[in-house]
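Below: structure21.cif (mmCIF, C-alpha atoms (C1' of nucleotides))
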```cif
data_target
loop_
_atom_site.label_atom_id
_atom_site.label_comp_id
_atom_site.auth_asym_id
_atom_site.auth_seq_id
_atom_site.Cartn_x
_atom_site.Cartn_y
_atom_site.Cartn_z
CA MET A 27 73.74 -96.85 62.99
CA SER A 28 73.00 -99.38 60.31
CA LEU A 29 69.56 -98.48 59.06
CA LYS A 30 71.56 -96.32 56.70
CA HIS A 31 73.55 -99.30 55.51
CA ALA A 32 70.55 -101.56 55.33
CA ILE A 33 68.90 -98.99 53.05
CA LEU A 34 72.03 -98.65 50.91
CA THR A 35 72.19 -102.44 50.60
CA LEU A 36 68.60 -102.72 49.46
CA LEU A 37 68.81 -99.83 47.02
CA GLU A 38 72.15 -100.94 45.64
CA THR A 39 70.55 -104.17 44.45
CA GLU A 40 67.41 -102.48 43.18
CA GLU A 41 66.17 -98.90 43.23
CA GLY A 42 62.89 -98.16 44.92
CA SER A 43 60.69 -95.83 46.93
CA GLY A 44 60.43 -95.55 50.70
CA TYR A 45 57.30 -97.58 50.55
CA ASP A 46 59.08 -100.29 48.54
CA LEU A 47 61.79 -100.39 51.17
CA LEU A 48 59.23 -100.71 53.91
CA LYS A 49 57.82 -103.78 52.17
CA ARG A 50 61.24 -105.27 51.56
CA PHE A 51 62.16 -104.82 55.21
CA LYS A 52 58.99 -106.58 56.24
CA GLN A 53 59.16 -109.39 53.73
CA ARG A 54 62.81 -110.12 53.29
CA LEU A 55 64.82 -108.62 56.13
CA GLY A 56 62.27 -108.83 58.91
CA PHE A 57 64.29 -111.38 60.85
CA PHE A 58 67.38 -109.20 61.00
CA TRP A 59 66.35 -105.64 60.35
CA ASN A 60 63.20 -103.75 61.24
CA ALA A 61 62.29 -100.15 60.63
CA SER A 62 59.11 -98.10 60.67
CA HIS A 63 58.02 -96.00 57.73
CA GLN A 64 58.72 -92.82 59.69
CA GLN A 65 62.28 -93.90 60.27
CA ILE A 66 62.77 -94.90 56.64
CA TYR A 67 61.41 -91.69 55.12
CA LEU A 68 63.45 -89.57 57.49
CA GLN A 69 66.59 -91.50 56.74
CA LEU A 70 66.02 -91.31 52.97
CA LYS A 71 65.71 -87.56 53.24
CA LYS A 72 68.85 -87.30 55.32
CA MET A 73 70.86 -89.57 53.06
CA THR A 74 69.74 -87.63 50.01
CA SER A 75 70.95 -84.38 51.57
CA GLU A 76 74.26 -86.08 52.35
CA GLY A 77 74.67 -87.11 48.73
CA PHE A 78 74.37 -90.87 49.20
CA LEU A 79 71.08 -91.09 47.34
CA LYS A 80 69.19 -89.40 44.52
CA PHE A 81 65.59 -89.79 43.52
CA GLU A 82 63.31 -89.36 40.54
CA LEU A 83 59.74 -88.33 41.08
CA GLU A 84 57.28 -90.76 39.55
CA THR A 85 53.92 -89.08 39.24
CA GLN A 86 50.85 -91.20 39.62
CA HIS A 87 47.14 -90.62 39.28
CA GLY A 88 44.75 -91.71 41.97
CA ARG A 89 47.55 -92.37 44.42
CA PRO A 90 50.43 -90.34 45.82
CA ASP A 91 53.55 -89.76 43.76
CA ARG A 92 56.52 -92.03 44.36
CA LYS A 93 60.06 -90.93 44.98
CA VAL A 94 62.21 -93.59 43.43
CA TYR A 95 65.64 -93.57 45.06
CA HIS A 96 68.91 -94.93 43.79
CA VAL A 97 72.40 -95.06 45.29
CA THR A 98 74.99 -92.56 44.07
CA ALA A 99 78.68 -93.38 43.60
CA LEU A 100 79.34 -91.69 46.93
CA GLY A 101 76.70 -93.84 48.56
CA LYS A 102 78.10 -97.03 47.14
CA GLN A 103 81.57 -96.10 48.34
CA ALA A 104 80.19 -95.36 51.83
CA LEU A 105 78.58 -98.78 51.87
CA ILE A 106 81.79 -100.52 50.81
CA ASN A 107 83.77 -98.62 53.43
CA TRP A 108 81.33 -99.73 56.07
CA MET A 109 81.48 -103.30 54.81
CA GLU A 110 85.25 -103.31 55.16
CA GLY A 111 85.17 -102.08 58.74
CA SER A 112 83.83 -104.19 61.54
CA VAL A 113 80.54 -104.08 63.37
CA LYS A 114 79.97 -104.61 67.06
CA VAL A 115 78.38 -107.75 68.41
CA ASP A 116 74.72 -107.01 68.78
CA LYS A 117 73.48 -105.82 72.12
CA VAL A 118 70.65 -107.97 73.39
CA ASN A 119 67.77 -106.54 75.40
CA ASP A 120 65.00 -109.06 75.82
CA ALA A 121 62.10 -107.94 77.99
CA LEU A 122 60.55 -111.41 78.02
CA LEU A 123 63.58 -112.77 79.84
CA VAL A 124 63.42 -109.99 82.40
CA LYS A 125 59.90 -111.19 83.08
CA LEU A 126 60.91 -114.79 83.40
CA TYR A 127 63.76 -113.85 85.72
CA ALA A 128 61.29 -112.12 88.03
CA GLY A 129 58.66 -114.82 87.56
CA HIS A 130 58.46 -115.63 91.27
CA LEU A 131 56.41 -112.46 91.74
CA VAL A 132 53.42 -113.73 89.77
CA GLU A 133 51.48 -116.96 89.26
CA PRO A 134 53.06 -119.45 86.85
CA GLY A 135 49.92 -119.27 84.70
CA ILE A 136 50.73 -115.69 83.77
CA LEU A 137 54.16 -116.67 82.56
CA SER A 138 53.03 -119.64 80.51
CA LYS A 139 50.31 -117.58 78.88
CA GLU A 140 52.88 -114.99 77.88
CA ILE A 141 55.33 -117.58 76.61
CA THR A 142 52.62 -119.26 74.58
CA LYS A 143 51.64 -115.95 73.04
CA HIS A 144 55.20 -115.36 71.91
CA LYS A 145 55.53 -118.94 70.78
CA VAL A 146 52.69 -118.50 68.30
CA ILE A 147 54.46 -115.52 66.76
CA HIS A 148 57.82 -117.26 66.59
CA GLN A 149 56.26 -120.38 65.10
CA ARG A 150 54.58 -118.26 62.45
CA MET A 151 57.87 -116.57 61.63
CA LEU A 152 59.61 -119.92 61.38
CA ASN A 153 56.95 -121.16 58.98
CA THR A 154 57.44 -118.11 56.79
CA PHE A 155 61.19 -118.64 56.75
CA LEU A 156 60.86 -122.32 55.94
CA ALA A 157 58.58 -121.48 53.02
CA LEU A 158 61.20 -119.03 51.71
CA GLU A 159 63.89 -121.65 52.15
CA LYS A 160 61.87 -124.14 50.15
CA GLN A 161 61.71 -121.69 47.26
CA TYR A 162 65.47 -121.27 47.28
CA LEU A 163 66.14 -124.99 47.50
CA LEU A 164 63.94 -125.66 44.48
CA LEU A 165 66.17 -123.50 42.28
CA GLN A 166 68.69 -125.05 39.92
CA ASP A 167 72.25 -124.82 41.26
CA ASP A 168 73.25 -122.14 38.79
CA GLU A 169 70.18 -120.05 39.62
CA LYS A 170 71.02 -120.21 43.33
CA THR A 171 74.32 -118.35 43.13
CA PRO A 172 73.03 -114.74 43.34
CA PHE A 173 70.78 -115.66 46.27
CA THR A 174 73.21 -117.58 48.39
CA LEU A 175 74.18 -114.74 50.72
CA PRO A 176 70.57 -113.70 51.37
CA TYR A 177 69.84 -117.39 51.86
CA LEU A 178 72.50 -117.59 54.55
CA THR A 179 70.87 -114.70 56.39
CA LEU A 180 67.62 -116.62 56.13
CA ARG A 181 69.34 -119.62 57.70
CA LYS A 182 70.13 -117.39 60.66
CA GLY A 183 66.45 -116.67 61.02
CA ILE A 184 65.56 -120.35 60.81
CA LEU A 185 68.18 -121.56 63.28
CA GLY A 186 67.37 -118.69 65.62
CA GLU A 187 63.64 -119.38 65.64
CA GLN A 188 64.17 -123.09 66.08
CA ALA A 189 66.39 -122.43 69.09
CA TRP A 190 63.76 -120.06 70.44
CA LEU A 191 61.03 -122.68 70.16
CA THR A 192 63.19 -125.38 71.72
CA TRP A 193 63.85 -123.05 74.62
CA ALA A 194 60.15 -122.21 74.99
CA ASP A 195 59.36 -125.92 75.28
CA GLU A 196 61.89 -126.26 78.09
CA VAL A 197 60.29 -123.34 79.89
CA ASN A 198 56.76 -124.64 79.43
CA GLU A 199 57.76 -128.06 80.65
CA TYR A 200 59.04 -126.52 83.85
CA LEU A 201 56.03 -124.24 84.31
CA THR A 202 53.65 -127.14 83.79
CA SER A 203 55.46 -129.22 86.41
CA LEU A 204 54.60 -126.53 88.98
CA LYS A 205 50.86 -127.01 88.69
CA MET B 17 61.10 -99.40 78.29
CA SER B 18 62.33 -102.28 80.38
CA LEU B 19 65.60 -101.07 81.82
CA LYS B 20 63.32 -99.78 84.54
CA HIS B 21 61.85 -103.23 85.10
CA ALA B 22 65.18 -104.95 84.87
CA ILE B 23 66.43 -102.67 87.64
CA LEU B 24 63.33 -103.26 89.76
CA THR B 25 63.78 -107.00 89.30
CA LEU B 26 67.40 -106.93 90.42
CA LEU B 27 66.78 -104.64 93.38
CA GLU B 28 63.68 -106.53 94.46
CA THR B 29 65.81 -109.63 95.02
CA GLU B 30 68.66 -107.75 96.67
CA GLU B 31 69.29 -104.07 97.34
CA GLY B 32 72.39 -102.48 95.87
CA SER B 33 74.14 -99.47 94.38
CA GLY B 34 74.27 -98.41 90.76
CA TYR B 35 77.70 -99.89 90.54
CA ASP B 36 76.42 -103.20 91.95
CA LEU B 37 73.71 -103.22 89.30
CA LEU B 38 76.25 -102.58 86.60
CA LYS B 39 78.15 -105.67 87.72
CA ARG B 40 75.02 -107.76 87.97
CA PHE B 41 73.98 -106.77 84.48
CA LYS B 42 77.38 -107.74 83.16
CA GLN B 43 77.71 -110.99 85.05
CA ARG B 44 74.24 -112.37 85.29
CA LEU B 45 71.95 -110.69 82.76
CA GLY B 46 74.47 -109.93 80.06
CA PHE B 47 72.87 -112.33 77.60
CA PHE B 48 69.46 -110.71 77.83
CA TRP B 49 69.90 -107.22 79.19
CA ASN B 50 72.68 -104.70 78.74
CA ALA B 51 73.02 -101.20 80.07
CA SER B 52 75.83 -98.70 80.46
CA HIS B 53 76.63 -97.06 83.79
CA GLN B 54 75.38 -93.71 82.48
CA GLN B 55 72.04 -95.22 81.67
CA ILE B 56 71.76 -96.99 85.00
CA TYR B 57 72.63 -93.97 87.16
CA LEU B 58 70.22 -91.77 85.24
CA GLN B 59 67.44 -94.31 85.54
CA LEU B 60 68.04 -94.77 89.29
CA LYS B 61 67.75 -91.03 89.77
CA LYS B 62 64.56 -90.89 87.75
CA MET B 63 62.98 -93.86 89.47
CA THR B 64 63.82 -92.39 92.87
CA SER B 65 62.10 -89.14 91.98
CA GLU B 66 59.09 -91.16 90.82
CA GLY B 67 58.90 -92.94 94.18
CA PHE B 68 59.81 -96.44 92.95
CA LEU B 69 63.12 -96.51 94.78
CA LYS B 70 64.75 -95.12 97.91
CA PHE B 71 68.40 -95.11 98.88
CA GLU B 72 70.62 -94.91 101.93
CA LEU B 73 73.98 -93.22 101.64
CA GLU B 74 76.82 -95.49 102.67
CA THR B 75 79.87 -93.35 103.40
CA GLN B 76 83.23 -94.88 102.61
CA HIS B 77 86.81 -93.76 103.09
CA GLY B 78 89.30 -93.87 100.27
CA ARG B 79 86.59 -94.45 97.66
CA PRO B 80 83.37 -92.68 96.69
CA ASP B 81 80.25 -93.06 98.81
CA ARG B 82 77.70 -95.63 97.73
CA LYS B 83 74.00 -95.01 97.30
CA VAL B 84 72.33 -98.25 98.25
CA TYR B 85 68.93 -98.47 96.61
CA HIS B 86 65.93 -100.58 97.53
CA VAL B 87 62.49 -100.98 95.97
CA THR B 88 59.54 -99.20 97.62
CA ALA B 89 56.03 -100.69 97.89
CA LEU B 90 55.06 -98.49 94.95
CA GLY B 91 58.00 -99.82 92.97
CA LYS B 92 57.14 -103.43 93.70
CA GLN B 93 53.55 -102.83 92.62
CA ALA B 94 54.73 -101.20 89.41
CA LEU B 95 56.87 -104.25 88.69
CA ILE B 96 53.99 -106.66 89.33
CA ASN B 97 51.69 -104.63 87.11
CA TRP B 98 54.23 -104.79 84.34
CA MET B 99 54.68 -108.52 84.86
CA GLU B 100 50.95 -109.05 84.46
CA GLY B 101 50.76 -107.15 81.20
CA SER B 102 52.40 -108.42 78.05
CA VAL B 103 55.59 -107.42 76.30
CA LYS B 104 56.18 -107.14 72.59
CA VAL B 105 58.24 -109.65 70.68
CA ASP B 106 61.71 -108.26 70.51
CA LYS B 107 62.71 -106.28 67.49
CA VAL B 108 65.82 -107.65 65.86
CA ASN B 109 68.40 -105.40 64.25
CA ASP B 110 71.53 -107.29 63.36
CA ALA B 111 74.17 -105.32 61.51
CA LEU B 112 76.27 -108.40 60.80
CA LEU B 113 73.46 -109.86 58.71
CA VAL B 114 73.14 -106.63 56.75
CA LYS B 115 76.80 -107.08 55.91
CA LEU B 116 76.38 -110.66 54.87
CA TYR B 117 73.38 -109.75 52.72
CA ALA B 118 75.50 -107.21 50.86
CA GLY B 119 78.54 -109.49 50.83
CA HIS B 120 78.80 -109.52 47.04
CA LEU B 121 80.30 -106.03 47.24
CA VAL B 122 83.50 -107.14 48.96
CA GLU B 123 85.93 -110.06 48.87
CA PRO B 124 84.80 -113.20 50.68
CA GLY B 125 87.91 -112.96 52.90
CA ILE B 126 86.57 -109.80 54.49
CA LEU B 127 83.35 -111.54 55.43
CA SER B 128 84.97 -114.64 56.85
CA LYS B 129 87.35 -112.53 58.91
CA GLU B 130 84.42 -110.63 60.37
CA ILE B 131 82.42 -113.79 61.06
CA THR B 132 85.40 -115.38 62.75
CA LYS B 133 85.88 -112.33 64.94
CA HIS B 134 82.29 -112.55 66.11
CA LYS B 135 82.57 -116.29 66.51
CA VAL B 136 85.33 -115.89 69.06
CA ILE B 137 83.13 -113.60 71.13
CA HIS B 138 80.09 -115.87 70.89
CA GLN B 139 82.15 -118.93 71.76
CA ARG B 140 83.52 -117.12 74.81
CA MET B 141 80.01 -116.19 75.90
CA LEU B 142 78.82 -119.75 75.45
CA ASN B 143 81.69 -120.99 77.60
CA THR B 144 80.76 -118.55 80.36
CA PHE B 145 77.14 -119.67 80.22
CA LEU B 146 78.08 -123.35 80.28
CA ALA B 147 80.24 -122.73 83.35
CA LEU B 148 77.29 -121.05 85.08
CA GLU B 149 75.05 -123.92 84.09
CA LYS B 150 77.48 -126.41 85.60
CA GLN B 151 77.28 -124.59 88.92
CA TYR B 152 73.50 -124.78 88.90
CA LEU B 153 73.43 -128.44 87.95
CA LEU B 154 75.76 -129.33 90.82
CA LEU B 155 73.25 -128.03 93.36
CA GLN B 156 71.03 -130.39 95.33
CA ASP B 157 67.48 -130.48 94.01
CA ASP B 158 66.10 -128.53 96.97
CA GLU B 159 68.78 -125.85 96.57
CA LYS B 160 67.90 -125.42 92.90
CA THR B 161 64.35 -124.17 93.42
CA PRO B 162 65.06 -120.45 93.94
CA PHE B 163 67.38 -120.38 90.93
CA THR B 164 65.25 -122.23 88.42
CA LEU B 165 63.80 -119.19 86.68
CA PRO B 166 67.18 -117.46 86.32
CA TYR B 167 68.50 -120.82 85.11
CA LEU B 168 65.86 -120.92 82.40
CA THR B 169 66.97 -117.50 81.20
CA LEU B 170 70.50 -118.88 81.12
CA ARG B 171 69.25 -121.74 78.96
CA LYS B 172 68.06 -119.12 76.48
CA GLY B 173 71.58 -117.77 76.36
CA ILE B 174 73.04 -121.24 75.83
CA LEU B 175 70.60 -122.33 73.13
CA GLY B 176 70.91 -118.97 71.41
CA GLU B 177 74.70 -119.04 71.31
CA GLN B 178 74.78 -122.63 70.13
CA ALA B 179 72.42 -121.75 67.29
CA TRP B 180 74.61 -118.78 66.47
CA LEU B 181 77.73 -120.92 66.27
CA THR B 182 76.00 -123.58 64.18
CA TRP B 183 74.94 -120.87 61.78
CA ALA B 184 78.45 -119.38 61.64
CA ASP B 185 79.82 -122.78 60.64
CA GLU B 186 77.34 -122.95 57.78
CA VAL B 187 78.42 -119.52 56.62
CA ASN B 188 82.12 -120.30 56.87
CA GLU B 189 81.65 -123.52 54.99
CA TYR B 190 80.09 -121.60 52.13
CA LEU B 191 82.68 -118.82 52.18
CA THR B 192 85.50 -121.37 52.16
CA SER B 193 83.99 -123.13 49.15
CA LEU B 194 84.39 -119.90 47.18
CA LYS B 195 88.18 -119.85 47.45
"C1'" DG C 26 107.52 -95.87 87.19
"C1'" DA C 27 103.77 -96.44 84.00
"C1'" DT C 28 99.61 -98.64 82.59
"C1'" DA C 29 95.49 -100.89 83.37
"C1'" DT C 30 91.61 -102.20 86.07
"C1'" DA C 31 88.42 -101.73 89.89
"C1'" DT C 32 85.62 -98.75 92.82
"C1'" DA C 33 81.92 -95.11 92.60
"C1'" DT C 34 79.07 -91.41 90.66
"C1'" DG C 35 77.48 -88.10 87.55
"C1'" DC C 36 76.44 -84.33 83.49
"C1'" DA C 37 76.10 -82.81 78.60
"C1'" DA C 38 75.51 -83.49 73.86
"C1'" DC C 39 74.10 -86.21 70.35
"C1'" DT C 40 71.94 -90.07 67.73
"C1'" DA C 41 68.40 -93.47 67.10
"C1'" DA C 42 63.95 -94.96 67.55
"C1'" DA C 43 59.06 -94.98 69.09
"C1'" DT C 44 54.64 -92.79 69.14
"C1'" DG C 45 51.22 -89.90 67.58
"C1'" DC C 46 49.29 -87.16 64.10
"C1'" DA C 47 48.09 -85.82 59.21
"C1'" DT C 48 46.56 -86.49 54.30
"C1'" DA C 49 44.18 -88.81 50.32
"C1'" DT C 50 42.57 -92.48 47.19
"C1'" DA C 51 41.40 -97.35 45.84
"C1'" DC C 52 39.96 -101.86 46.68
"C1'" DT C 53 38.11 -105.80 49.24
"C1'" DC C 54 35.42 -107.97 52.55
"C1'" DT C 55 31.43 -108.25 55.74
"C1'" DA D 23 27.43 -98.62 54.71
"C1'" DG D 24 31.42 -99.43 57.35
"C1'" DA D 25 35.81 -101.60 58.40
"C1'" DG D 26 40.07 -102.97 57.06
"C1'" DT D 27 44.06 -103.02 54.11
"C1'" DA D 28 47.05 -101.18 50.57
"C1'" DT D 29 49.33 -97.28 48.38
"C1'" DA D 30 52.39 -93.23 49.40
"C1'" DT D 31 54.62 -89.58 52.09
"C1'" DG D 32 55.71 -86.71 55.82
"C1'" DC D 33 56.26 -83.70 60.54
"C1'" DA D 34 56.49 -83.17 65.66
"C1'" DT D 35 57.26 -84.84 70.12
"C1'" DT D 36 59.06 -87.85 73.35
"C1'" DT D 37 61.84 -91.67 74.97
"C1'" DA D 38 65.92 -94.51 74.93
"C1'" DG D 39 70.51 -95.13 74.27
"C1'" DT D 40 75.48 -93.77 72.93
"C1'" DT D 41 79.58 -91.20 73.38
"C1'" DG D 42 82.47 -88.11 75.53
"C1'" DC D 43 83.90 -85.89 79.52
"C1'" DA D 44 84.91 -85.33 84.62
"C1'" DT D 45 86.59 -86.72 89.32
"C1'" DA D 46 89.38 -89.41 92.79
"C1'" DT D 47 91.62 -93.32 95.15
"C1'" DA D 48 93.37 -98.25 95.48
"C1'" DT D 49 95.37 -102.19 93.72
"C1'" DA D 50 97.44 -105.22 90.38
"C1'" DT D 51 100.38 -105.98 86.46
"C1'" DC D 52 104.26 -105.03 83.31
#
```
Transcribe the structure of this file into structure tokens.
Amino acid sequence: MSLKHAILTLLETEEGSGYDLLKRFKQRLGFFWNASHQQIYLQLKKMTSEGFLKFELETQHGRPDRKVYHVTALGKQALINWMEGSVKVDKVNDALLVKLYAGHLVEPGILSKEITKHKVIHQRMLNTFLALEKQYLLLQDDEKTPFTLPYLTLRKGILGEQAWLTWADEVNEYLTSLK
Amino acid sequence: MSLKHAILTLLETEEGSGYDLLKRFKQRLGFFWNASHQQIYLQLKKMTSEGFLKFELETQHGRPDRKVYHVTALGKQALINWMEGSVKVDKVNDALLVKLYAGHLVEPGILSKEITKHKVIHQRMLNTFLALEKQYLLLQDDEKTPFTLPYLTLRKGILGEQAWLTWADEVNEYLTSLK
DNA sequence: GATATATATGCAACTAAATGCATATACTCT
DNA sequence: AGAGTATATGCATTTAGTTGCATATATATC
């Protein structure tokens, strides 16, 4: 389980509430880690009880209080230990490909509609990533340094989405030829 | 949940036992669907009780009996219904990228070792896919037709692995520059 | 002779994640 | 006035998946 380590990573760089983490997952890690708010809050609670995190309550008026979490020494050590071990190659389970594999059971139009729908989403994600890349590339060389590793994860998102879109074009070309 | 639909897809083309499915998942769908034998056997049992599958017992000597499953009319309809609906864009959770993101906490050598380890596996997968592609491309045009959709899923595997390896080279180049 | 892999199926316990529900205020857009 | 989004947290239930264990024979490799 790595939600735990993803949370430790985010909080190690900068403390924050569950809600902050939710936003960071969406905005910055969306292409390689996704978690719902339910999962995040539950995990924060669990990790606090295990001693990896502590929080300060920040009272607010008009809106709910925030629990601002930070990583303890124990938590940081747990993260480093995990970093030094090795992770498994990610298991892939892609329902869209199951559909394509069994495509002979339905009209080609159904498949191309579905592919197109996904293509829009992937194209949008790629655009977001390219915009983020642009920001990084505009930095002075010495400002880049602290962001290089996150930038490399972004590159994964970019190359992955580009490959996805290239593939989708191949598929659409074939499906169109059937009509 | 699509393990169910992946199983229906495989059995719709050709009946088989749980063990057969396990092999087909490993050999033919490995790049887009993965399931353990425990998961498969449990799912077969469940789907049988729901009326999507039936099986004949094939007694053997020397080795355990086989339950050979086939899809019922109800099962086929369920698959078609699923095909006609739409699936969500796959959620990505990639522990290796979490590690890279937090790479500043450990020596660069640890990261490059890990990346290299994964690279070997991805390269091996790519080689397997390319070998499968070669087989398909050697077929006569009229023999290709029934395999085109599975071939397109294979293309996803190929393009995905190539993108992965391209990315890994970028990462290694950066990590090497640090030494 | 020992070890590993292939054949073939399954249960039990646990962990991870998805889904649904619940609360309460503020701001923006139509 | 109503809908939607943002802020902020959480519990309960269900589904999906992992890990460990169990059994039993045949064949291939070291």
Task: Shell around stretch 37-53 of chain C at 12 Å using all atoms listed in the file, local window under 6 positions removed, as a PyMOL selection string - done: (chain A and resi 27-30+60-66+68-69+86-91) or (chain B and resi 17+54+107+109) or (chain D and resi 25-44)
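Residues selected in this file by the PyMOL selection byres ((chain C) within 8 of (chain B)) comprise DT32, DA33, DT34 and DG35 of chain C.
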File dump, residues just selected, C-alpha atoms (C1' of nucleotides), as a PDB file, in the frame of the given file:
```pdb
ATOM      1  C1'  DT C  32      85.620 -98.750  92.820  1.00  0.00           C
ATOM      2  C1'  DA C  33      81.920 -95.110  92.600  1.00  0.00           C
ATOM      3  C1'  DT C  34      79.070 -91.410  90.660  1.00  0.00           C
ATOM      4  C1'  DG C  35      77.480 -88.100  87.550  1.00  0.00           C
TER       5       DG C  35
END
```
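When the PyMOL selection byres ((chain B) within 6 of (chain A)) is evaluated on the file shown here, the picked residues come out as Ala22, Thr25, Phe48, Trp49, Val108, Asn109, Asp110, Leu113, Val114, Tyr117, Ala118, Leu165, Pro166, Thr169, Leu175 and Ala179 of chain B.
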Please give the centre and size of the box around stretch 31-37 of chain B (axis-aligned, containing every atom listed in the file, 6 Å added per side), with values in Å to one decimal and written as lines of an AutoDock Vina configuration file.
```
center_x = 73.5
center_y = -101.2
center_z = 93.3
size_x = 20.4
size_y = 17.7
size_z = 20.0
```
- [ ] Would you write out, as a ChimeraX atom specification, every residue that the PyMOL selection byres ((chain D and resi 49) around 9) captures in this file?
- [x] /C:30-31 /D:48,50
Write to file, as an mmCIF file, keeping the file's coordinate frame, the residues of the selection just made, with C-alpha atoms (C1' of nucleotides).
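That gives us again_33.cif:
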```cif
data_model
loop_
_atom_site.group_PDB
_atom_site.id
_atom_site.type_symbol
_atom_site.label_atom_id
_atom_site.label_comp_id
_atom_site.auth_asym_id
_atom_site.auth_seq_id
_atom_site.Cartn_x
_atom_site.Cartn_y
_atom_site.Cartn_z
ATOM 1 C "C1'" DT C 30 91.610 -102.200 86.070
ATOM 2 C "C1'" DA C 31 88.420 -101.730 89.890
ATOM 3 C "C1'" DA D 48 93.370 -98.250 95.480
ATOM 4 C "C1'" DA D 50 97.440 -105.220 90.380
#
```
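Interatomic distance, atom CA of B:Ala89 to atom CA of A:Leu204: 27.4 Å.
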